[in-house]
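File shown here: my_file_3.cif, holding mmCIF, C-alpha atoms.
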```cif
data_entry
#
loop_
_atom_site.group_PDB
_atom_site.id
_atom_site.type_symbol
_atom_site.label_atom_id
_atom_site.label_comp_id
_atom_site.auth_asym_id
_atom_site.auth_seq_id
_atom_site.Cartn_x
_atom_site.Cartn_y
_atom_site.Cartn_z
ATOM 1 C CA VAL A 1181 -7.321 12.340 2.787
ATOM 2 C CA LEU A 1182 -9.565 14.020 5.337
ATOM 3 C CA ALA A 1183 -8.049 15.192 8.621
ATOM 4 C CA LEU A 1184 -10.556 15.405 11.450
ATOM 5 C CA GLN A 1185 -9.799 15.895 15.147
ATOM 6 C CA GLY A 1186 -6.268 14.516 14.891
ATOM 7 C CA ASP A 1187 -7.211 11.450 12.820
ATOM 8 C CA TYR A 1188 -7.067 10.812 9.082
ATOM 9 C CA PHE A 1189 -9.668 9.193 6.825
ATOM 10 C CA GLY A 1190 -9.961 8.247 3.163
ATOM 11 C CA PRO A 1191 -9.044 5.607 0.584
ATOM 12 C CA VAL A 1192 -5.288 6.203 0.866
ATOM 13 C CA VAL A 1193 -5.401 5.657 4.615
ATOM 14 C CA ASN A 1194 -7.530 2.524 4.150
ATOM 15 C CA LEU A 1195 -5.110 1.132 1.559
ATOM 16 C CA ALA A 1196 -2.120 1.767 3.830
ATOM 17 C CA ALA A 1197 -3.866 -0.064 6.676
ATOM 18 C CA ARG A 1198 -4.658 -3.034 4.407
ATOM 19 C CA LEU A 1199 -1.027 -3.242 3.232
ATOM 20 C CA VAL A 1200 0.225 -3.187 6.815
ATOM 21 C CA ALA A 1201 -2.168 -6.052 7.618
ATOM 22 C CA LEU A 1202 -0.873 -8.095 4.644
ATOM 23 C CA ALA A 1203 2.804 -7.616 5.478
ATOM 24 C CA GLY A 1204 4.598 -9.918 7.839
ATOM 25 C CA ALA A 1205 6.959 -8.975 10.645
ATOM 26 C CA GLY A 1206 9.727 -6.740 9.321
ATOM 27 C CA GLU A 1207 8.096 -6.334 5.893
ATOM 28 C CA ILE A 1208 6.944 -3.150 4.206
ATOM 29 C CA PHE A 1209 4.446 -3.443 1.356
ATOM 30 C CA VAL A 1210 3.836 -0.546 -1.018
ATOM 31 C CA THR A 1211 1.794 0.076 -4.140
ATOM 32 C CA ASP A 1212 3.271 0.231 -7.627
ATOM 33 C CA GLU A 1213 2.722 4.001 -7.509
ATOM 34 C CA VAL A 1214 5.165 4.258 -4.602
ATOM 35 C CA VAL A 1215 7.669 2.077 -6.494
ATOM 36 C CA GLU A 1216 7.441 4.462 -9.462
ATOM 37 C CA ARG A 1217 7.908 7.532 -7.262
ATOM 38 C CA VAL A 1218 11.066 6.237 -5.564
ATOM 39 C CA GLY A 1219 12.487 5.629 -9.041
ATOM 40 C CA GLY A 1220 14.890 2.826 -8.154
ATOM 41 C CA ALA A 1221 16.275 4.532 -5.045
ATOM 42 C CA VAL A 1222 15.011 1.560 -3.030
ATOM 43 C CA GLU A 1223 15.073 -2.080 -4.119
ATOM 44 C CA THR A 1224 11.698 -3.817 -4.305
ATOM 45 C CA ASP A 1225 10.255 -7.246 -5.048
ATOM 46 C CA ALA A 1226 7.107 -7.127 -7.167
ATOM 47 C CA LEU A 1227 4.365 -9.260 -5.590
ATOM 48 C CA GLY A 1228 1.813 -8.745 -8.352
ATOM 49 C CA PRO A 1229 -1.810 -7.723 -8.159
ATOM 50 C CA ARG A 1230 -3.723 -8.555 -4.996
ATOM 51 C CA PRO A 1231 -7.381 -8.181 -4.078
ATOM 52 C CA ILE A 1232 -7.633 -5.604 -1.299
ATOM 53 C CA ARG A 1233 -10.804 -5.371 0.761
ATOM 54 C CA GLY A 1234 -12.675 -2.156 0.033
ATOM 55 C CA PHE A 1235 -11.186 -1.692 -3.457
ATOM 56 C CA SER A 1236 -12.991 -2.795 -6.601
ATOM 57 C CA GLN A 1237 -9.823 -3.606 -8.569
ATOM 58 C CA GLU A 1238 -6.781 -5.589 -7.570
ATOM 59 C CA ILE A 1239 -3.832 -3.466 -6.434
ATOM 60 C CA GLU A 1240 -0.264 -4.054 -7.675
ATOM 61 C CA ILE A 1241 1.966 -4.321 -4.625
ATOM 62 C CA ALA A 1242 5.671 -4.753 -3.908
ATOM 63 C CA ARG A 1243 7.856 -5.488 -0.885
ATOM 64 C CA LEU A 1244 10.641 -3.069 0.000
ATOM 65 C CA ARG A 1245 14.054 -4.679 0.552
#
```
Is it possible to give me this structure as structure tokens?
Amino acid sequence: VLALQGDYFGPVVNLAARLVALAGAGEIFVTDEVVERVGGAVETDALGPRPIRGFSQEIEIARLR
């Protein structure tokens, strides 16, 4: 992530923006990496791999409950 003049840039920021765009009202989508890091502290529903614009491979995503 690159911070420049109060804004942030980079692939992580782009992925977060794409997940927000995919999620519906009241939903939070995260990557499988986030699911692994929370280690079961939060319940999730696996949504499987999805093509995400700007990324060459599909990204495994989940919905937080």
Take atom CA of A:Ala1203 and atom CA of A:Ala1226 and report the distance between them in Å, one decimal.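 Separation between atom CA of A:Ala1203 and atom CA of A:Ala1226: 13.4 Å.
Among the candidates A:Gly1190, A:Leu1195, A:Gly1204, A:Ala1183, the one nearest to A:Glu1238 when counting all atoms listed in the file is A:Leu1195.
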Distance criterion (all atoms listed in the file): nearest to A:Val1210 out of A:Ala1196, A:Ser1236, A:Asp1187, A:Arg1230: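 Of the candidates, the smallest distance to A:Val1210 is held by A:Ala1196.
Using only C-alpha atoms, the nearest neighbour of A:Ile1239 within the list A:Leu1199, A:Val1218, A:Val1181, A:Glu1207 is A:Leu1199.
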Atom CA of A:Gly1206 and atom CA of A:Pro1191, how far apart in Å?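 Going from atom CA of A:Pro1191 over to atom CA of A:Gly1206 covers 24.1 Å.
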Point-to-point distance in Å for atom CA of A:Arg1243 and atom CA of A:Asp1225: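 Computing the Euclidean distance for atom CA of A:Asp1225 and atom CA of A:Arg1243 yields 5.1 Å.
Taken over the whole file, the PyMOL selection byres ((chain A and resi 1213) around 12) covers exactly Val1192, Phe1209, Val1210, Thr1211, Asp1212, Val1214, Val1215, Glu1216, Arg1217, Val1218, Gly1219, Ala1226, Ile1239, Glu1240, Ile1241 and Ala1242 of chain A.
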Because some atoms of stretch 1200-1224 of chain A are absent here, can you restore N, CA and C atoms and send them as a tab-separated table (two decimals), in the frame of the given file?
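Now in result.tsv:
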```tsv
chain	number	residue	atom	x	y	z
A	1200	VAL	N	-0.41	-2.85	5.54
A	1200	VAL	CA	0.22	-3.19	6.82
A	1200	VAL	C	-0.28	-4.54	7.31
A	1201	ALA	N	-1.58	-4.79	7.17
A	1201	ALA	CA	-2.17	-6.05	7.62
A	1201	ALA	C	-1.66	-7.23	6.79
A	1202	LEU	N	-1.37	-7.02	5.50
A	1202	LEU	CA	-0.87	-8.10	4.64
A	1202	LEU	C	0.59	-8.43	4.92
A	1203	ALA	N	1.36	-7.43	5.29
A	1203	ALA	CA	2.80	-7.62	5.48
A	1203	ALA	C	3.09	-8.42	6.74
A	1204	GLY	N	4.16	-9.17	6.67
A	1204	GLY	CA	4.60	-9.92	7.84
A	1204	GLY	C	5.54	-9.07	8.69
A	1205	ALA	N	6.03	-9.67	9.75
A	1205	ALA	CA	6.96	-8.98	10.64
A	1205	ALA	C	8.19	-8.54	9.86
A	1206	GLY	N	8.55	-7.27	9.98
A	1206	GLY	CA	9.73	-6.74	9.32
A	1206	GLY	C	9.55	-6.42	7.85
A	1207	GLU	N	8.34	-6.61	7.31
A	1207	GLU	CA	8.10	-6.33	5.89
A	1207	GLU	C	7.40	-4.99	5.72
A	1208	ILE	N	7.66	-4.37	4.58
A	1208	ILE	CA	6.94	-3.15	4.21
A	1208	ILE	C	6.41	-3.36	2.80
A	1209	PHE	N	5.10	-3.32	2.65
A	1209	PHE	CA	4.45	-3.44	1.36
A	1209	PHE	C	4.03	-2.06	0.88
A	1210	VAL	N	4.21	-1.82	-0.41
A	1210	VAL	CA	3.84	-0.55	-1.02
A	1210	VAL	C	3.12	-0.82	-2.33
A	1211	THR	N	2.46	0.20	-2.85
A	1211	THR	CA	1.79	0.08	-4.14
A	1211	THR	C	2.80	0.33	-5.26
A	1212	ASP	N	2.40	-0.02	-6.48
A	1212	ASP	CA	3.27	0.23	-7.63
A	1212	ASP	C	3.50	1.73	-7.83
A	1213	GLU	N	2.55	2.55	-7.40
A	1213	GLU	CA	2.72	4.00	-7.51
A	1213	GLU	C	3.90	4.46	-6.65
A	1214	VAL	N	4.04	3.91	-5.47
A	1214	VAL	CA	5.16	4.26	-4.60
A	1214	VAL	C	6.47	3.79	-5.24
A	1215	VAL	N	6.47	2.59	-5.82
A	1215	VAL	CA	7.67	2.08	-6.49
A	1215	VAL	C	8.09	3.03	-7.61
A	1216	GLU	N	7.13	3.51	-8.39
A	1216	GLU	CA	7.44	4.46	-9.46
A	1216	GLU	C	8.02	5.76	-8.91
A	1217	ARG	N	7.46	6.25	-7.82
A	1217	ARG	CA	7.91	7.53	-7.26
A	1217	ARG	C	9.31	7.47	-6.68
A	1218	VAL	N	9.71	6.32	-6.11
A	1218	VAL	CA	11.07	6.24	-5.56
A	1218	VAL	C	12.10	6.02	-6.67
A	1219	GLY	N	11.63	5.66	-7.86
A	1219	GLY	CA	12.49	5.63	-9.04
A	1219	GLY	C	13.76	4.82	-8.91
A	1220	GLY	N	13.71	3.68	-8.28
A	1220	GLY	CA	14.89	2.83	-8.15
A	1220	GLY	C	15.80	3.17	-6.99
A	1221	ALA	N	15.45	4.17	-6.20
A	1221	ALA	CA	16.27	4.53	-5.04
A	1221	ALA	C	16.22	3.46	-3.96
A	1222	VAL	N	15.19	2.64	-4.00
A	1222	VAL	CA	15.01	1.56	-3.03
A	1222	VAL	C	14.72	0.29	-3.82
A	1223	GLU	N	15.34	-0.81	-3.44
A	1223	GLU	CA	15.07	-2.08	-4.12
A	1223	GLU	C	13.74	-2.64	-3.66
A	1224	THR	N	13.00	-3.24	-4.61
A	1224	THR	CA	11.70	-3.82	-4.30
A	1224	THR	C	11.56	-5.18	-4.96
```
